[in-house]
Amino acid sequence: MHEKSIVLLNKAVADELTAVHRYMYFHFHCDDQGYDLLAGLFKRTAIEEMVHIERLAERILFLKGEVELVAAEEVKKIHSVAEMLTLARAMEESSALDYNRWANECGANADNVSKKLFEDLVADEERHYDQYDTELENMDKFGDSYLALQSIERSKTRASAGPPAE
């Protein structure tokens, strides 16, 4: 009865898995470069995307479907923070558009619970979009100084912590 919803929910799982993989990759590289604030943002977003996967999977299983845990795309090897943020913003925008469309499809197929789930996910994706858009605006506004300040802040924090405990 809800085969169409299951297909759409699994498409969302694939997109969310791709996002988790990319955001963790970005987190690792930002952390390695000393950009703690951006590293934290990517990590927090990846965790939120994992929660989305869990909610989608629970719905698929309720509908007696099979959860397909296959990412939609491979992780692109990106080391430029501006490119990371640009891709992240585009991913979130695309997800919000897809989820809006899929919410309507689920509603048209008499599956209002899946419709509501997609609507809830849209709100999260729009918030993520706004966070990445703000970071890109900060980079445009402050230039290379924006990233340098994050790196300096890490150095100050580590220097004030003193020597590691033995």
# chains A, B, ... in the order shown; residues from 1 in each chain; ligands from 1

call {"tool": "residues_around", "arguments": {"residues": "Glu92 (chain A)", "least_positions_apart": "6", "cutoff": "8 Å", "atoms": "only C-alpha atoms", "output": "PyMOL selection string"}}
result
chain A and resi 125-126+128-129

call {"tool": "write_last_selection", "arguments": {"atoms": "C-alpha atoms", "output": "mmCIF file, in the first residue's frame"}}
result
data_model
loop_
_atom_site.group_PDB
_atom_site.id
_atom_site.type_symbol
_atom_site.label_atom_id
_atom_site.label_comp_id
_atom_site.auth_asym_id
_atom_site.auth_seq_id
_atom_site.Cartn_x
_atom_site.Cartn_y
_atom_site.Cartn_z
ATOM 1 C CA GLU A 125 17.751 20.975 6.276
ATOM 2 C CA GLU A 126 16.809 24.645 5.960
ATOM 3 C CA HIS A 128 21.635 23.521 8.109
ATOM 4 C CA TYR A 129 21.528 25.506 4.857
#

call {"tool": "residues_around", "arguments": {"residues": "Phe28 (chain A)", "least_positions_apart": "2", "cutoff": "12 Å", "atoms": "only C-alpha atoms", "output": "ChimeraX atom specification"}}
result
/A:21-26,30-36,38-43,46,77-79,81,84

call {"tool": "residues_around", "arguments": {"residues": "region 96-108 of chain A", "least_positions_apart": "3", "cutoff": "6 Å", "atoms": "only C-alpha atoms", "output": "list of chain:residue names"}}
result
A:Ser5, A:Glu93, A:Asp111, A:Asn112, A:Lys115, A:Phe118, A:Val122, A:Glu125

call {"tool": "write_last_selection", "arguments": {"atoms": "C-alpha atoms", "output": "JSON list (two decimals), in the first residue's frame"}}
result
[["chain", "number", "residue", "atom", "x", "y", "z"],
["A", 5, "SER", "CA", 6.58, 6.11, 0.42],
["A", 93, "GLU", "CA", 19.20, 23.15, -0.38],
["A", 111, "ASP", "CA", 0.56, 8.60, 4.00],
["A", 112, "ASN", "CA", 0.39, 11.65, 6.22],
["A", 115, "LYS", "CA", 4.50, 13.45, 4.86],
["A", 118, "PHE", "CA", 9.56, 14.84, 5.44],
["A", 122, "VAL", "CA", 12.79, 20.14, 5.64],
["A", 125, "GLU", "CA", 17.75, 20.98, 6.28]]

call {"tool": "closest_residue", "arguments": {"among": "A:Leu63, A:Met139, A:Leu149, A:Ala19", "to": "Val75 (chain A)", "atoms": "only C-alpha atoms"}}
result
A:Ala19

call {"tool": "residues_around", "arguments": {"residues": "Asp133 (chain A)", "least_positions_apart": "5", "cutoff": "10 Å", "atoms": "only C-alpha atoms", "output": "PDB file with N, CA and C atoms, in the first residue's frame"}}
result
ATOM      1  N   LEU A  85      32.037  24.231   2.304  1.00  0.00           N
ATOM      2  CA  LEU A  85      30.828  24.955   2.703  1.00  0.00           C
ATOM      3  C   LEU A  85      29.874  25.140   1.529  1.00  0.00           C
ATOM      4  N   THR A  86      30.418  25.395   0.354  1.00  0.00           N
ATOM      5  CA  THR A  86      29.580  25.573  -0.829  1.00  0.00           C
ATOM      6  C   THR A  86      28.838  24.279  -1.157  1.00  0.00           C
ATOM      7  N   ALA A  88      28.225  21.789   0.976  1.00  0.00           N
ATOM      8  CA  ALA A  88      27.298  21.516   2.078  1.00  0.00           C
ATOM      9  C   ALA A  88      26.016  22.335   1.908  1.00  0.00           C
ATOM     10  N   ARG A  89      26.162  23.603   1.577  1.00  0.00           N
ATOM     11  CA  ARG A  89      24.986  24.464   1.386  1.00  0.00           C
ATOM     12  C   ARG A  89      24.122  23.930   0.237  1.00  0.00           C
ATOM     13  N   ALA A  90      24.755  23.546  -0.861  1.00  0.00           N
ATOM     14  CA  ALA A  90      24.009  23.020  -2.016  1.00  0.00           C
ATOM     15  C   ALA A  90      23.301  21.707  -1.664  1.00  0.00           C
ATOM     16  N   ARG A 127      17.642  24.805   8.239  1.00  0.00           N
ATOM     17  CA  ARG A 127      18.505  25.353   9.306  1.00  0.00           C
ATOM     18  C   ARG A 127      19.969  25.068   8.980  1.00  0.00           C
ATOM     19  N   HIS A 128      20.261  23.858   8.509  1.00  0.00           N
ATOM     20  CA  HIS A 128      21.635  23.521   8.109  1.00  0.00           C
ATOM     21  C   HIS A 128      22.078  24.415   6.957  1.00  0.00           C
ATOM     22  N   ASN A 138      30.521  34.836   6.188  1.00  0.00           N
ATOM     23  CA  ASN A 138      31.629  35.249   7.056  1.00  0.00           C
ATOM     24  C   ASN A 138      32.959  35.165   6.316  1.00  0.00           C
ATOM     25  N   MET A 139      33.139  34.116   5.528  1.00  0.00           N
ATOM     26  CA  MET A 139      34.384  33.984   4.764  1.00  0.00           C
ATOM     27  C   MET A 139      34.491  35.100   3.724  1.00  0.00           C
TER      28      MET A 139
END

call {"tool": "residues_around", "arguments": {"residues": "Thr18 (chain A)", "least_positions_apart": "6", "cutoff": "10 Å", "atoms": "only C-alpha atoms", "output": "PDB file with N, CA and C atoms, in the first residue's frame"}}
result
ATOM      1  N   ALA A  12      15.758   9.144   0.667  1.00  0.00           N
ATOM      2  CA  ALA A  12      16.205  10.076   1.709  1.00  0.00           C
ATOM      3  C   ALA A  12      17.304   9.454   2.559  1.00  0.00           C
ATOM      4  N   ALA A  46      26.574  16.146  10.965  1.00  0.00           N
ATOM      5  CA  ALA A  46      26.625  14.715  10.633  1.00  0.00           C
ATOM      6  C   ALA A  46      25.807  13.906  11.644  1.00  0.00           C
ATOM      7  N   GLU A  49      22.213  14.336  10.937  1.00  0.00           N
ATOM      8  CA  GLU A  49      21.833  13.558   9.759  1.00  0.00           C
ATOM      9  C   GLU A  49      21.687  12.078  10.124  1.00  0.00           C
ATOM     10  N   VAL A  70      22.586   2.426   1.587  1.00  0.00           N
ATOM     11  CA  VAL A  70      23.556   2.659   0.528  1.00  0.00           C
ATOM     12  C   VAL A  70      23.600   4.155   0.255  1.00  0.00           C
ATOM     13  N   ALA A  71      24.785   4.730   0.372  1.00  0.00           N
ATOM     14  CA  ALA A  71      24.935   6.170   0.129  1.00  0.00           C
ATOM     15  C   ALA A  71      24.644   6.478  -1.340  1.00  0.00           C
ATOM     16  N   ALA A  72      24.105   7.666  -1.584  1.00  0.00           N
ATOM     17  CA  ALA A  72      23.745   8.076  -2.941  1.00  0.00           C
ATOM     18  C   ALA A  72      24.973   8.372  -3.793  1.00  0.00           C
ATOM     19  N   GLU A  73      26.044   8.870  -3.161  1.00  0.00           N
ATOM     20  CA  GLU A  73      27.245   9.266  -3.902  1.00  0.00           C
ATOM     21  C   GLU A  73      28.488   8.990  -3.077  1.00  0.00           C
ATOM     22  N   GLU A  74      29.612   8.960  -3.765  1.00  0.00           N
ATOM     23  CA  GLU A  74      30.911   8.836  -3.111  1.00  0.00           C
ATOM     24  C   GLU A  74      31.289  10.184  -2.479  1.00  0.00           C
ATOM     25  N   VAL A  75      32.202  10.136  -1.532  1.00  0.00           N
ATOM     26  CA  VAL A  75      32.704  11.360  -0.907  1.00  0.00           C
ATOM     27  C   VAL A  75      33.741  11.987  -1.834  1.00  0.00           C
ATOM     28  N   MET A  91      23.974  20.851  -0.889  1.00  0.00           N
ATOM     29  CA  MET A  91      23.358  19.587  -0.480  1.00  0.00           C
ATOM     30  C   MET A  91      22.108  19.832   0.358  1.00  0.00           C
TER      31      MET A  91
END

call {"tool": "select_by_dssp", "arguments": {"residues": "region 46-78 of chain A", "states": "alpha helix (DSSP H)", "output": "PyMOL selection string"}}
result
chain A and resi 46-62

call {"tool": "atom_distance", "arguments": {"atom1": "CA of Ser114 (chain A)", "atom2": "CA of Leu8 (chain A)"}}
result
9.4 Å

call {"tool": "closest_residue", "arguments": {"among": "A:Val20, A:Leu136, A:Ile6, A:Leu117", "to": "Ile47 (chain A)", "atoms": "only C-alpha atoms"}}
result
A:Val20

call {"tool": "closest_residue", "arguments": {"among": "A:Glu135, A:Glu16, A:Asp140, A:Asp130", "to": "Val51 (chain A)", "atoms": "only C-alpha atoms"}}
result
A:Glu16

call {"tool": "atom_distance", "arguments": {"atom1": "CA of Lys11 (chain A)", "atom2": "CA of Ile60 (chain A)"}}
result
11.2 Å

call {"tool": "atom_distance", "arguments": {"atom1": "CA of His29 (chain A)", "atom2": "CA of His52 (chain A)"}}
result
23.6 Å
